[in-house]
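**Q** Input structure: start-v4.tsv, which contains TSV, C-alpha atoms and all ligand atoms.
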chain	number	residue	atom	x	y	z
A	250	MET	CA	-30.71	84.61	39.15
A	251	ASP	CA	-30.31	85.21	42.81
A	252	SER	CA	-29.33	82.62	45.35
A	253	GLY	CA	-27.13	84.16	48.01
A	254	ARG	CA	-24.96	81.88	50.04
A	255	GLY	CA	-26.76	80.46	53.04
A	256	ARG	CA	-30.22	80.19	51.53
A	257	GLY	CA	-31.21	76.59	51.00
A	258	VAL	CA	-32.92	75.19	47.92
A	259	ALA	CA	-36.21	74.60	49.77
A	260	GLU	CA	-36.21	78.18	51.06
A	261	LEU	CA	-35.44	79.55	47.61
A	262	VAL	CA	-38.18	77.52	45.95
A	263	ALA	CA	-40.68	78.38	48.71
A	264	ALA	CA	-39.95	82.05	47.98
A	265	GLY	CA	-41.01	81.44	44.36
A	266	GLU	CA	-37.49	81.56	42.94
A	267	ARG	CA	-35.84	79.02	40.69
A	268	SER	CA	-32.83	76.97	41.67
A	269	PHE	CA	-30.03	76.59	39.14
A	270	SER	CA	-27.09	74.37	40.07
A	271	PHE	CA	-24.05	72.77	38.45
A	272	GLU	CA	-22.40	69.43	39.03
A	273	PHE	CA	-18.69	68.70	38.70
A	274	PHE	CA	-16.48	65.69	39.29
A	275	PRO	CA	-13.13	65.57	41.14
A	276	PRO	CA	-10.34	66.31	38.62
A	277	LYS	CA	-7.63	63.68	38.20
A	278	ASP	CA	-4.64	65.96	37.60
A	279	GLU	CA	-3.50	69.56	37.39
A	280	ALA	CA	-4.81	70.07	33.86
A	281	GLY	CA	-8.17	68.70	34.95
A	282	GLU	CA	-8.19	71.00	37.96
A	283	ALA	CA	-7.48	74.02	35.73
A	284	GLN	CA	-10.33	73.03	33.40
A	285	LEU	CA	-12.69	72.57	36.35
A	286	TRP	CA	-11.72	75.89	37.80
A	287	LYS	CA	-12.35	77.65	34.50
A	288	ALA	CA	-15.83	76.11	34.35
A	289	ILE	CA	-16.48	77.20	37.94
A	290	GLN	CA	-15.42	80.75	37.16
A	291	ASP	CA	-17.49	80.89	33.95
A	292	LEU	CA	-20.60	79.72	35.78
A	293	GLU	CA	-20.19	81.67	39.04
A	294	PRO	CA	-21.85	84.86	37.65
A	295	PHE	CA	-25.12	82.90	37.34
A	296	GLU	CA	-25.24	82.74	41.15
A	297	PRO	CA	-26.22	79.08	41.37
A	298	SER	CA	-28.01	77.94	44.52
A	299	PHE	CA	-25.22	75.38	44.89
A	300	VAL	CA	-22.49	73.61	42.94
A	301	SER	CA	-21.89	69.96	43.66
A	302	VAL	CA	-18.83	67.73	43.42
A	303	THR	CA	-19.32	63.99	43.00
A	304	TYR	CA	-17.73	61.30	45.16
A	305	GLY	CA	-15.72	58.57	43.45
A	306	ALA	CA	-15.68	54.82	43.85
A	307	GLY	CA	-12.46	54.90	45.84
A	308	GLY	CA	-8.89	56.09	46.08
A	309	SER	CA	-7.54	59.59	46.07
A	310	ASN	CA	-10.41	61.20	44.18
A	311	ARG	CA	-12.47	60.82	47.36
A	312	ASP	CA	-10.05	63.20	49.12
A	313	THR	CA	-10.24	65.46	46.07
A	314	THR	CA	-13.98	65.92	46.68
A	315	ILE	CA	-13.21	67.28	50.16
A	316	ARG	CA	-10.38	69.45	48.86
A	317	VAL	CA	-12.28	70.90	45.87
A	318	THR	CA	-15.48	71.62	47.81
A	319	GLY	CA	-13.37	73.29	50.52
A	320	ARG	CA	-11.65	75.41	47.86
A	321	ILE	CA	-15.01	76.45	46.37
A	322	ALA	CA	-16.17	77.45	49.88
A	323	ARG	CA	-13.02	79.51	50.46
A	324	GLU	CA	-12.40	81.05	47.06
A	325	THR	CA	-15.83	81.67	45.53
A	326	SER	CA	-19.19	83.15	46.46
A	327	MET	CA	-20.92	79.84	45.71
A	328	THR	CA	-22.29	77.17	48.03
A	329	PRO	CA	-20.49	73.86	47.47
A	330	MET	CA	-22.29	70.58	48.00
A	331	ALA	CA	-20.08	67.54	48.55
A	332	HIS	CA	-21.44	64.17	47.48
A	333	LEU	CA	-20.88	61.22	49.80
A	334	THR	CA	-21.61	57.52	49.26
A	335	CYS	CA	-21.81	54.51	51.56
A	336	VAL	CA	-19.56	52.40	49.26
A	337	GLY	CA	-16.72	50.75	51.17
A	338	HIS	CA	-17.10	52.94	54.27
A	339	THR	CA	-17.93	52.06	57.86
A	340	ARG	CA	-20.35	54.29	59.73
A	341	LYS	CA	-17.38	55.65	61.69
A	342	GLU	CA	-15.57	56.64	58.49
A	343	LEU	CA	-18.69	58.30	57.14
A	344	ASP	CA	-18.94	60.26	60.38
A	345	GLU	CA	-15.32	61.36	59.99
A	346	ILE	CA	-15.88	62.46	56.38
A	347	LEU	CA	-18.94	64.46	57.43
A	348	ASP	CA	-16.70	66.09	60.06
A	349	SER	CA	-14.09	66.92	57.45
A	350	TYR	CA	-16.75	68.49	55.19
A	351	LEU	CA	-17.86	70.75	58.04
A	352	ALA	CA	-14.24	71.58	58.90
A	353	ALA	CA	-13.70	72.62	55.26
A	354	GLY	CA	-16.72	74.92	55.42
A	355	VAL	CA	-19.00	72.57	53.46
A	356	ASP	CA	-22.45	72.15	55.00
A	357	HIS	CA	-24.37	70.85	51.97
A	358	VAL	CA	-24.10	67.12	51.39
A	359	MET	CA	-25.61	64.88	48.71
A	360	ALA	CA	-26.28	61.66	50.62
A	361	LEU	CA	-26.09	58.63	48.34
A	362	ARG	CA	-25.75	54.91	48.59
A	363	GLY	CA	-23.40	54.83	45.61
A	364	ASP	CA	-22.85	52.04	43.13
A	365	PRO	CA	-20.74	48.95	43.74
A	366	GLN	CA	-17.19	49.28	42.37
A	367	GLU	CA	-18.18	46.82	39.58
A	368	GLY	CA	-20.76	49.33	38.28
A	369	PRO	CA	-24.40	50.41	38.57
A	370	ARG	CA	-25.81	47.05	37.47
A	371	ALA	CA	-23.81	44.92	39.94
A	372	ASP	CA	-25.33	43.59	43.18
A	373	TRP	CA	-24.82	45.81	46.20
A	374	THR	CA	-21.85	44.72	48.34
A	375	PRO	CA	-22.37	45.61	52.01
A	376	THR	CA	-19.43	46.85	54.09
A	377	GLU	CA	-19.11	45.45	57.59
A	378	GLY	CA	-20.07	48.20	60.02
A	379	GLY	CA	-21.34	50.30	57.11
A	380	LEU	CA	-24.67	51.49	55.75
A	381	ASP	CA	-26.80	49.88	53.03
A	382	TYR	CA	-29.20	52.60	51.96
A	383	ALA	CA	-28.98	56.32	51.31
A	384	THR	CA	-31.76	56.84	53.88
A	385	GLU	CA	-29.35	55.75	56.62
A	386	LEU	CA	-26.74	58.25	55.43
A	387	VAL	CA	-29.39	60.98	55.37
A	388	GLU	CA	-30.17	60.10	59.00
A	389	LEU	CA	-26.48	60.18	59.93
A	390	ALA	CA	-25.97	63.63	58.39
A	391	HIS	CA	-29.28	64.98	59.64
A	392	ALA	CA	-28.50	63.95	63.22
A	393	ARG	CA	-25.75	66.57	63.30
A	394	GLY	CA	-28.26	69.35	62.72
A	395	ARG	CA	-25.79	71.27	60.56
A	396	PHE	CA	-26.23	69.89	57.06
A	397	ARG	CA	-28.56	70.74	54.24
A	398	ILE	CA	-29.07	67.40	52.57
A	399	GLY	CA	-29.76	66.50	48.94
A	400	VAL	CA	-30.59	63.01	47.65
A	401	ALA	CA	-30.85	61.19	44.31
A	402	ALA	CA	-34.14	60.64	42.48
A	403	PHE	CA	-34.91	58.56	39.40
A	404	PRO	CA	-37.61	59.66	36.92
A	405	GLU	CA	-37.50	56.26	35.21
A	406	GLY	CA	-36.88	54.34	38.44
A	407	HIS	CA	-33.56	53.20	39.86
A	408	PRO	CA	-32.27	50.28	37.74
A	409	SER	CA	-32.73	47.84	40.63
A	410	ALA	CA	-36.00	49.30	41.97
A	411	GLU	CA	-38.94	46.90	42.25
A	412	SER	CA	-41.35	49.42	40.70
A	413	LEU	CA	-41.84	53.14	40.13
A	414	ASP	CA	-44.11	53.21	43.18
A	415	HIS	CA	-41.48	51.59	45.39
A	416	ASP	CA	-38.93	54.01	44.03
A	417	ALA	CA	-41.20	56.91	45.03
A	418	ASP	CA	-41.58	55.34	48.51
A	419	VAL	CA	-37.77	55.31	48.81
A	420	LEU	CA	-37.53	58.99	47.86
A	421	VAL	CA	-40.27	59.87	50.34
A	422	ALA	CA	-38.39	57.94	53.06
A	423	LYS	CA	-35.28	60.02	52.29
A	424	ALA	CA	-37.32	63.23	52.64
A	425	ARG	CA	-38.78	62.05	55.94
A	426	ALA	CA	-35.27	61.16	57.17
A	427	GLY	CA	-34.20	64.79	56.67
A	428	ALA	CA	-33.41	65.38	52.99
A	429	GLU	CA	-34.28	68.91	51.91
A	430	PHE	CA	-34.29	68.40	48.15
A	431	ALA	CA	-33.62	65.83	45.46
A	432	VAL	CA	-31.72	65.91	42.17
A	433	THR	CA	-32.70	63.52	39.42
A	434	GLN	CA	-30.73	61.18	37.27
A	435	MET	CA	-30.49	62.39	33.67
A	436	PHE	CA	-33.59	61.73	31.53
A	437	PHE	CA	-34.86	62.86	28.14
A	438	ARG	CA	-38.68	62.95	28.47
A	439	ALA	CA	-40.28	65.67	30.59
A	440	GLU	CA	-43.23	63.37	31.35
A	441	ASP	CA	-40.94	60.95	33.20
A	442	TYR	CA	-39.91	63.78	35.53
A	443	PHE	CA	-43.48	64.99	36.07
A	444	GLY	CA	-44.62	61.41	36.73
A	445	LEU	CA	-42.07	61.13	39.54
A	446	VAL	CA	-43.11	64.49	40.99
A	447	ASP	CA	-46.77	63.38	40.94
A	448	ARG	CA	-45.97	60.10	42.72
A	449	VAL	CA	-44.04	61.93	45.44
A	450	ARG	CA	-46.71	64.64	45.87
A	451	ALA	CA	-49.39	61.92	46.08
A	452	ARG	CA	-47.50	60.62	49.12
A	453	GLY	CA	-47.80	64.00	50.85
A	454	VAL	CA	-44.20	65.18	50.33
A	455	ASP	CA	-43.47	68.57	48.76
A	456	MET	CA	-39.66	68.37	48.69
A	457	PRO	CA	-38.23	70.23	45.64
A	458	ILE	CA	-37.06	67.78	42.97
A	459	LEU	CA	-34.48	69.35	40.68
A	460	PRO	CA	-34.32	67.85	37.19
A	461	GLY	CA	-30.80	66.73	36.23
A	462	ILE	CA	-29.89	67.88	32.70
A	463	MET	CA	-27.27	66.19	30.54
A	464	PRO	CA	-27.12	67.49	26.95
A	465	ILE	CA	-26.29	64.85	24.35
A	466	LEU	CA	-22.97	65.93	22.89
A	467	ASN	CA	-21.87	62.41	21.99
A	468	LEU	CA	-24.73	60.06	21.17
A	469	ASN	CA	-22.79	56.81	21.54
A	470	ALA	CA	-21.33	57.79	24.93
A	471	ILE	CA	-24.76	58.85	26.23
A	472	ARG	CA	-26.34	55.62	24.98
A	473	ARG	CA	-23.71	53.52	26.78
A	474	GLN	CA	-24.10	55.49	30.01
A	475	SER	CA	-27.90	55.49	29.76
A	476	GLU	CA	-27.99	51.73	29.45
A	477	LEU	CA	-25.96	51.38	32.64
A	478	ILE	CA	-28.08	53.74	34.70
A	479	GLY	CA	-31.48	52.77	33.34
A	480	THR	CA	-32.24	55.91	31.31
A	481	ASP	CA	-34.00	55.48	27.99
A	482	VAL	CA	-32.78	57.53	25.05
A	483	PRO	CA	-36.03	57.95	23.07
A	484	GLU	CA	-36.09	57.08	19.38
A	485	ASP	CA	-37.18	60.59	18.34
A	486	VAL	CA	-34.15	62.03	20.18
A	487	VAL	CA	-31.84	59.52	18.50
A	488	ALA	CA	-33.42	60.31	15.11
A	489	ARG	CA	-32.94	64.07	15.47
A	490	ILE	CA	-29.28	63.72	16.39
A	491	SER	CA	-28.56	60.95	13.89
A	492	ALA	CA	-30.03	63.11	11.12
A	493	LYS	CA	-26.91	65.30	11.51
A	494	ASP	CA	-24.54	62.34	11.26
A	495	GLY	CA	-21.27	63.31	9.59
A	496	ASP	CA	-21.51	66.94	10.73
A	497	PRO	CA	-20.15	67.09	14.31
A	498	VAL	CA	-20.97	70.81	14.70
A	499	ALA	CA	-24.60	70.30	13.67
A	500	MET	CA	-24.85	67.18	15.87
A	501	ARG	CA	-23.66	69.11	18.88
A	502	ALA	CA	-26.04	71.99	18.11
A	503	GLU	CA	-28.95	69.53	17.93
A	504	GLY	CA	-27.95	68.05	21.32
A	505	ILE	CA	-27.98	71.53	22.83
A	506	ALA	CA	-31.31	72.37	21.16
A	507	LEU	CA	-32.88	69.17	22.50
A	508	ALA	CA	-31.63	69.91	26.03
A	509	ALA	CA	-32.93	73.49	25.85
A	510	GLU	CA	-36.35	72.26	24.70
A	511	LEU	CA	-36.45	69.79	27.59
A	512	CYS	CA	-35.48	72.56	30.05
A	513	GLN	CA	-38.18	74.82	28.61
A	514	ASP	CA	-40.85	72.11	28.99
A	515	LEU	CA	-39.70	71.39	32.54
A	516	LEU	CA	-39.73	75.02	33.65
A	517	GLU	CA	-43.07	75.72	31.96
A	518	GLY	CA	-44.49	72.61	33.63
A	519	GLY	CA	-43.49	73.88	37.07
A	520	ALA	CA	-40.05	72.34	37.74
A	521	PRO	CA	-38.41	74.35	40.55
A	522	GLY	CA	-35.17	74.82	38.62
A	523	LEU	CA	-32.49	72.92	36.71
A	524	HIS	CA	-29.36	71.00	37.74
A	525	PHE	CA	-26.70	70.67	35.04
A	526	TYR	CA	-24.28	67.78	34.68
A	527	THR	CA	-21.42	69.89	33.35
A	528	LEU	CA	-18.64	67.28	33.00
A	529	ASN	CA	-16.38	70.09	34.27
A	530	ARG	CA	-16.99	72.30	31.25
A	531	SER	CA	-19.11	75.41	31.03
A	532	LYS	CA	-19.70	75.69	27.26
A	533	ALA	CA	-22.78	73.47	26.90
A	534	THR	CA	-24.50	74.91	29.98
A	535	LEU	CA	-23.86	78.46	28.76
A	536	GLU	CA	-25.30	77.55	25.35
A	537	ILE	CA	-28.43	76.13	26.98
A	538	PHE	CA	-28.80	79.26	29.13
A	539	GLN	CA	-28.48	81.35	25.99
A	540	ALA	CA	-31.19	79.32	24.25
A	541	LEU	CA	-33.43	79.75	27.31
A	542	LYS	CA	-32.61	83.48	27.43
A	543	ILE	CA	-31.33	83.12	30.98
A	544	THR	CA	-28.76	85.82	31.66
A	545	VAL	CA	-26.58	86.79	34.60
B	1	LIG	P1	-30.74	54.35	47.65
B	1	LIG	O1	-31.76	55.41	47.86
B	1	LIG	O2	-30.23	53.65	48.85
B	1	LIG	O3	-31.37	53.27	46.65
B	1	LIG	C1	-30.59	52.18	46.14
B	1	LIG	C2	-31.51	51.03	45.75
B	1	LIG	O4	-32.06	50.44	46.92
B	1	LIG	C3	-32.72	51.46	44.91
B	1	LIG	O5	-33.00	50.42	44.00
B	1	LIG	C4	-33.83	51.61	45.90
B	1	LIG	O6	-35.10	51.40	45.32
B	1	LIG	C5	-33.48	50.51	46.92
B	1	LIG	N1	-33.86	50.84	48.29
B	1	LIG	C6	-33.60	51.99	48.95
B	1	LIG	N2	-34.05	51.92	50.22
B	1	LIG	C7	-34.60	50.69	50.36
B	1	LIG	C8	-35.22	50.00	51.43
B	1	LIG	N3	-35.38	50.57	52.62
B	1	LIG	N4	-35.66	48.74	51.22
B	1	LIG	C9	-35.51	48.14	50.01
B	1	LIG	N5	-34.92	48.75	48.95
B	1	LIG	C10	-34.48	50.00	49.12
B	1	LIG	N6	-22.77	57.71	42.65
B	1	LIG	C11	-21.51	57.87	43.13
B	1	LIG	O7	-20.81	56.88	43.33
B	1	LIG	N7	-21.01	59.11	43.44
B	1	LIG	C12	-21.73	60.24	43.26
B	1	LIG	O8	-21.26	61.34	43.54
B	1	LIG	C13	-23.06	60.12	42.73
B	1	LIG	N8	-23.83	61.21	42.54
B	1	LIG	C14	-25.12	61.06	42.09
B	1	LIG	C15	-25.92	62.19	41.95
B	1	LIG	C16	-27.22	62.08	41.48
B	1	LIG	C17	-28.08	63.32	41.33
B	1	LIG	C18	-27.75	60.80	41.14
B	1	LIG	C19	-29.15	60.66	40.62
B	1	LIG	C20	-26.97	59.66	41.29
B	1	LIG	C21	-25.65	59.77	41.77
B	1	LIG	N9	-24.83	58.66	41.95
B	1	LIG	C22	-23.56	58.81	42.43
B	1	LIG	C23	-25.33	57.32	41.62
B	1	LIG	C24	-26.03	56.64	42.81
B	1	LIG	O9	-25.12	56.48	43.87
B	1	LIG	C25	-26.58	55.32	42.33
B	1	LIG	O10	-27.64	55.53	41.45
B	1	LIG	C26	-26.96	54.31	43.40
B	1	LIG	O11	-27.19	53.03	42.79
B	1	LIG	C27	-28.22	54.66	44.15
B	1	LIG	O12	-27.99	55.63	45.07
B	1	LIG	P2	-29.18	56.17	45.99
B	1	LIG	O13	-28.58	57.20	46.84
B	1	LIG	O14	-30.38	56.50	45.20
B	1	LIG	O15	-29.49	54.84	46.87
Would you write out, as structure tokens, the structure that this file holds?
Ligand code: FAD

**A**
Amino acid sequence: MDSGRGRGVAELVAAGERSFSFEFFPPKDEAGEAQLWKAIQDLEPFEPSFVSVTYGAGGSNRDTTIRVTGRIARETSMTPMAHLTCVGHTRKELDEILDSYLAAGVDHVMALRGDPQEGPRADWTPTEGGLDYATELVELAHARGRFRIGVAAFPEGHPSAESLDHDADVLVAKARAGAEFAVTQMFFRAEDYFGLVDRVRARGVDMPILPGIMPILNLNAIRRQSELIGTDVPEDVVARISAKDGDPVAMRAEGIALAAELCQDLLEGGAPGLHFYTLNRSKATLEIFQALKITV
């Protein structure tokens, strides 16, 4: 793998290379920070095109996103991408956060609307003086001329989207507003990803869409999360994992095998790379790389 700090995802993909990237969340305490940092160090040799840090629903973990992405910029060779959401922020505050990202050496931003504090299925609560759609945040970041901007995409449609076609229109609007690439929500059927890519290409947009990979290491937890975010866990996937019920080691191995098969199908079908939801651990991602015979 070869990314090299400074090269953007679109540039990399246009040059015929694949983009591999890893997502982390802001740690809550010192132990969490140590675990995150170990994962970062384990994965750094793979020279990801970027590593991203999510943005929380509120409180101090929002500052942690700025701090951790700044630390990655200072202490590693990797390109950090800070997530940012519109939840609870005025436009002025969002401008200030974008400033603080730049001041910390972070010039990749994942521009998101975010979910209401009550969860992904709750109605959107506007903030006075704030923004209501990710497109507006893309515009705000793009206007500075200094950010490379990523956005969210949904192979099965956003849970509150009117239709898959409308969802594709929204993604296209984000590209036209200045987004350089998209990262998808987790999904378990390659055809859902390729369907989204086809809808976006049919609208004349060639933005790279990186598939988001979440291996199933705990079936019940993934089912709960999937229900919230509108991802279907297919029956054949459930059956393969459930067949190992009672043997946690075999269950985990099956989850990794399923993720590796999905990655293989995606790459063979022309996906421009893979984005891993790591949950701040490196083990599962390293196992998937091993299964795919991807080495440093
Ligand atoms: P938008 O693109 O604004 O879409 C939100 C809804 O509005 C959709 O239903 C869309 O169809 C609709 N819509 C958009 N524009 C219009 C319009 N002009 N007219 C009518 N309807 C419209 N959440 C966090 O809180 N923190 C994170 O760090 C985070 N990281 C994420 C990373 C990835 C890769 C993904 C896929 C999701 C992430 N999320 C995160 C979750 C995300 O914030 C939610 O899914 C949120 O509900 C939608 O965000 P969005 O940026 O896609 O919003």

**Q** Which of these, A:Gly319, A:Pro408, A:Gly379, A:Pro329, has the shortest distance to ligand LIG 1 (chain B) once you count all atoms listed in the file?

**A**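 Among A:Gly319, A:Pro408, A:Gly379, A:Pro329, it is A:Pro408 that comes nearest to ligand LIG 1 (chain B).
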
**Q** Check which residues of chain A sit at most 8 Å from ligand LIG 1 (chain B) using all atoms listed in the file, and return one row each with the closest pair of atoms and their distance in Å to one decimal, ordered by chain and rising number, as a tab-separated table.

**A**
residue	atom	partner	partner_atom	distance
A:Phe274	CA	B:LIG1	O8	7.7
A:Val302	CA	B:LIG1	O8	6.8
A:Thr303	CA	B:LIG1	O8	3.3
A:Tyr304	CA	B:LIG1	O8	3.9
A:Gly305	CA	B:LIG1	N7	5.3
A:Ala306	CA	B:LIG1	O7	5.6
A:His332	CA	B:LIG1	O8	4.9
A:Leu333	CA	B:LIG1	O8	6.3
A:Thr334	CA	B:LIG1	O7	6.0
A:Val336	CA	B:LIG1	O7	7.5
A:Met359	CA	B:LIG1	C15	7.3
A:Ala360	CA	B:LIG1	O13	6.3
A:Leu361	CA	B:LIG1	O13	3.2
A:Arg362	CA	B:LIG1	O13	4.0
A:Gly363	CA	B:LIG1	O9	3.0
A:Asp364	CA	B:LIG1	O11	4.5
A:Pro365	CA	B:LIG1	O11	7.7
A:Pro369	CA	B:LIG1	O11	5.7
A:Asp381	CA	B:LIG1	O2	6.6
A:Tyr382	CA	B:LIG1	O2	3.4
A:Ala383	CA	B:LIG1	O2	3.8
A:Thr384	CA	B:LIG1	O2	6.1
A:Val400	CA	B:LIG1	O13	6.2
A:Ala401	CA	B:LIG1	C19	4.1
A:Ala402	CA	B:LIG1	C19	5.3
A:Phe403	CA	B:LIG1	C19	6.3
A:Gly406	CA	B:LIG1	O6	7.7
A:His407	CA	B:LIG1	O5	5.0
A:Pro408	CA	B:LIG1	O5	6.3
A:Ser409	CA	B:LIG1	O5	4.3
A:Ala410	CA	B:LIG1	O5	3.8
A:Glu411	CA	B:LIG1	O6	6.7
A:His415	CA	B:LIG1	O6	6.4
A:Asp416	CA	B:LIG1	O6	4.8
A:Val419	CA	B:LIG1	N2	5.2
A:Leu420	CA	B:LIG1	O1	6.8
A:Ala422	CA	B:LIG1	N2	7.9
A:Lys423	CA	B:LIG1	O1	7.3
A:Ala431	CA	B:LIG1	C17	7.4
A:Val432	CA	B:LIG1	C17	4.5
A:Thr433	CA	B:LIG1	C19	4.7
A:Gln434	CA	B:LIG1	C19	3.7
A:Met435	CA	B:LIG1	C19	7.3
A:Gly461	CA	B:LIG1	C17	6.7
A:Ile478	CA	B:LIG1	O10	7.0

**Q** Contacts of Ala331 in chain A at 12 Å or less, counting all atoms listed in the file, minus same-chain residues fewer than 4 places along, as a PDB file with C-alpha atoms, keeping the file's coordinate frame?

**A**
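The new file out_26.pdb reads:
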ATOM      1  CA  GLU A 272     -22.400  69.430  39.030  1.00  0.00           C
ATOM      2  CA  PHE A 273     -18.690  68.700  38.700  1.00  0.00           C
ATOM      3  CA  PHE A 274     -16.480  65.690  39.290  1.00  0.00           C
ATOM      4  CA  PRO A 275     -13.130  65.570  41.140  1.00  0.00           C
ATOM      5  CA  PHE A 299     -25.220  75.380  44.890  1.00  0.00           C
ATOM      6  CA  VAL A 300     -22.490  73.610  42.940  1.00  0.00           C
ATOM      7  CA  SER A 301     -21.890  69.960  43.660  1.00  0.00           C
ATOM      8  CA  VAL A 302     -18.830  67.730  43.420  1.00  0.00           C
ATOM      9  CA  THR A 303     -19.320  63.990  43.000  1.00  0.00           C
ATOM     10  CA  TYR A 304     -17.730  61.300  45.160  1.00  0.00           C
ATOM     11  CA  GLY A 305     -15.720  58.570  43.450  1.00  0.00           C
ATOM     12  CA  ARG A 311     -12.470  60.820  47.360  1.00  0.00           C
ATOM     13  CA  ASP A 312     -10.050  63.200  49.120  1.00  0.00           C
ATOM     14  CA  THR A 313     -10.240  65.460  46.070  1.00  0.00           C
ATOM     15  CA  THR A 314     -13.980  65.920  46.680  1.00  0.00           C
ATOM     16  CA  ILE A 315     -13.210  67.280  50.160  1.00  0.00           C
ATOM     17  CA  ARG A 316     -10.380  69.450  48.860  1.00  0.00           C
ATOM     18  CA  VAL A 317     -12.280  70.900  45.870  1.00  0.00           C
ATOM     19  CA  THR A 318     -15.480  71.620  47.810  1.00  0.00           C
ATOM     20  CA  GLY A 319     -13.370  73.290  50.520  1.00  0.00           C
ATOM     21  CA  ARG A 320     -11.650  75.410  47.860  1.00  0.00           C
ATOM     22  CA  ILE A 321     -15.010  76.450  46.370  1.00  0.00           C
ATOM     23  CA  ALA A 322     -16.170  77.450  49.880  1.00  0.00           C
ATOM     24  CA  ILE A 346     -15.880  62.460  56.380  1.00  0.00           C
ATOM     25  CA  LEU A 347     -18.940  64.460  57.430  1.00  0.00           C
ATOM     26  CA  SER A 349     -14.090  66.920  57.450  1.00  0.00           C
ATOM     27  CA  TYR A 350     -16.750  68.490  55.190  1.00  0.00           C
ATOM     28  CA  LEU A 351     -17.860  70.750  58.040  1.00  0.00           C
ATOM     29  CA  ALA A 353     -13.700  72.620  55.260  1.00  0.00           C
ATOM     30  CA  GLY A 354     -16.720  74.920  55.420  1.00  0.00           C
ATOM     31  CA  VAL A 355     -19.000  72.570  53.460  1.00  0.00           C
ATOM     32  CA  ASP A 356     -22.450  72.150  55.000  1.00  0.00           C
ATOM     33  CA  HIS A 357     -24.370  70.850  51.970  1.00  0.00           C
ATOM     34  CA  VAL A 358     -24.100  67.120  51.390  1.00  0.00           C
ATOM     35  CA  MET A 359     -25.610  64.880  48.710  1.00  0.00           C
ATOM     36  CA  ALA A 360     -26.280  61.660  50.620  1.00  0.00           C
ATOM     37  CA  LEU A 361     -26.090  58.630  48.340  1.00  0.00           C
ATOM     38  CA  PHE A 396     -26.230  69.890  57.060  1.00  0.00           C
ATOM     39  CA  ARG A 397     -28.560  70.740  54.240  1.00  0.00           C
ATOM     40  CA  ILE A 398     -29.070  67.400  52.570  1.00  0.00           C
ATOM     41  CA  GLY A 399     -29.760  66.500  48.940  1.00  0.00           C
ATOM     42  CA  VAL A 400     -30.590  63.010  47.650  1.00  0.00           C
TER      43      VAL A 400
END

**Q** Can you work out the spacing between CA of Met456 in chain A and CA of Ala259 in chain A in Å, to one decimal?

**A**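 Taking CA of Met456 in chain A and CA of Ala259 in chain A, their separation equals 7.2 Å.
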
**Q** Hey, which of A:Arg472, A:Glu510, A:Gly518, A:Asn310 ends up closest to Glu282 in chain A? Count all atoms listed in the file.

**A**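 Smallest distance to Glu282 in chain A is found for A:Asn310.
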
**Q** So that each row is one residue of range 278-316 of chain A with an atom at most 9 Å from range 529-539 of chain A, can you give its shortest atom pair and the distance in Å to one decimal, using all atoms listed in the file, rows by chain and rising number, as CSV?

**A**
residue,atom,partner,partner_atom,distance
A:Gly281,CA,A:Asn529,CA,8.4
A:Gln284,CA,A:Asn529,CA,6.8
A:Leu285,CA,A:Asn529,CA,4.9
A:Trp286,CA,A:Asn529,CA,8.2
A:Lys287,CA,A:Arg530,CA,7.8
A:Ala288,CA,A:Ser531,CA,4.7
A:Ile289,CA,A:Ser531,CA,7.6
A:Gln290,CA,A:Ser531,CA,8.9
A:Asp291,CA,A:Ser531,CA,6.4
A:Leu292,CA,A:Ser531,CA,6.6

**Q** Please tell me which residues are no farther than 9 Å from (-25.7, 59.6, 58.2) in the file, counting all atoms listed in the file, and write them as a list in words.

**A**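 Every polymer residue passing the test: Arg340, Leu343, Asp344, Leu347, Ala360, Leu380, Ala383, Thr384, Glu385, Leu386, Val387, Glu388, Leu389, Ala390, His391, Ala392 and Arg393 of chain A.
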
**Q** Please report, as JSON, the centre and edge lengths in Å to one decimal of an axis-aligned box covering all listed atoms of range 458-473 of chain A with 3 Å per side.

**A**
{"center_x": -29.2, "center_y": 61.4, "center_z": 32.1, "size_x": 21.7, "size_y": 21.8, "size_z": 27.8}

**Q** To one decimal place in Å, what is the distance between CA of Gly378 in chain A and CA of Cys335 in chain A?

**A** 10.7 Å

**Q** With all atoms listed in the file as the basis for distance, which of A:Gly522, A:Arg370, A:Asp496, A:Ile462 is at the shortest distance from Glu476 in chain A?

**A**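 Among A:Gly522, A:Arg370, A:Asp496, A:Ile462, it is A:Arg370 that comes nearest to Glu476 in chain A.
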
**Q** How far is it from CA of Ala426 in chain A to CA of Thr376 in chain A, in Å with one decimal?

**A**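 Between CA of Ala426 in chain A and CA of Thr376 in chain A the gap is 21.6 Å.
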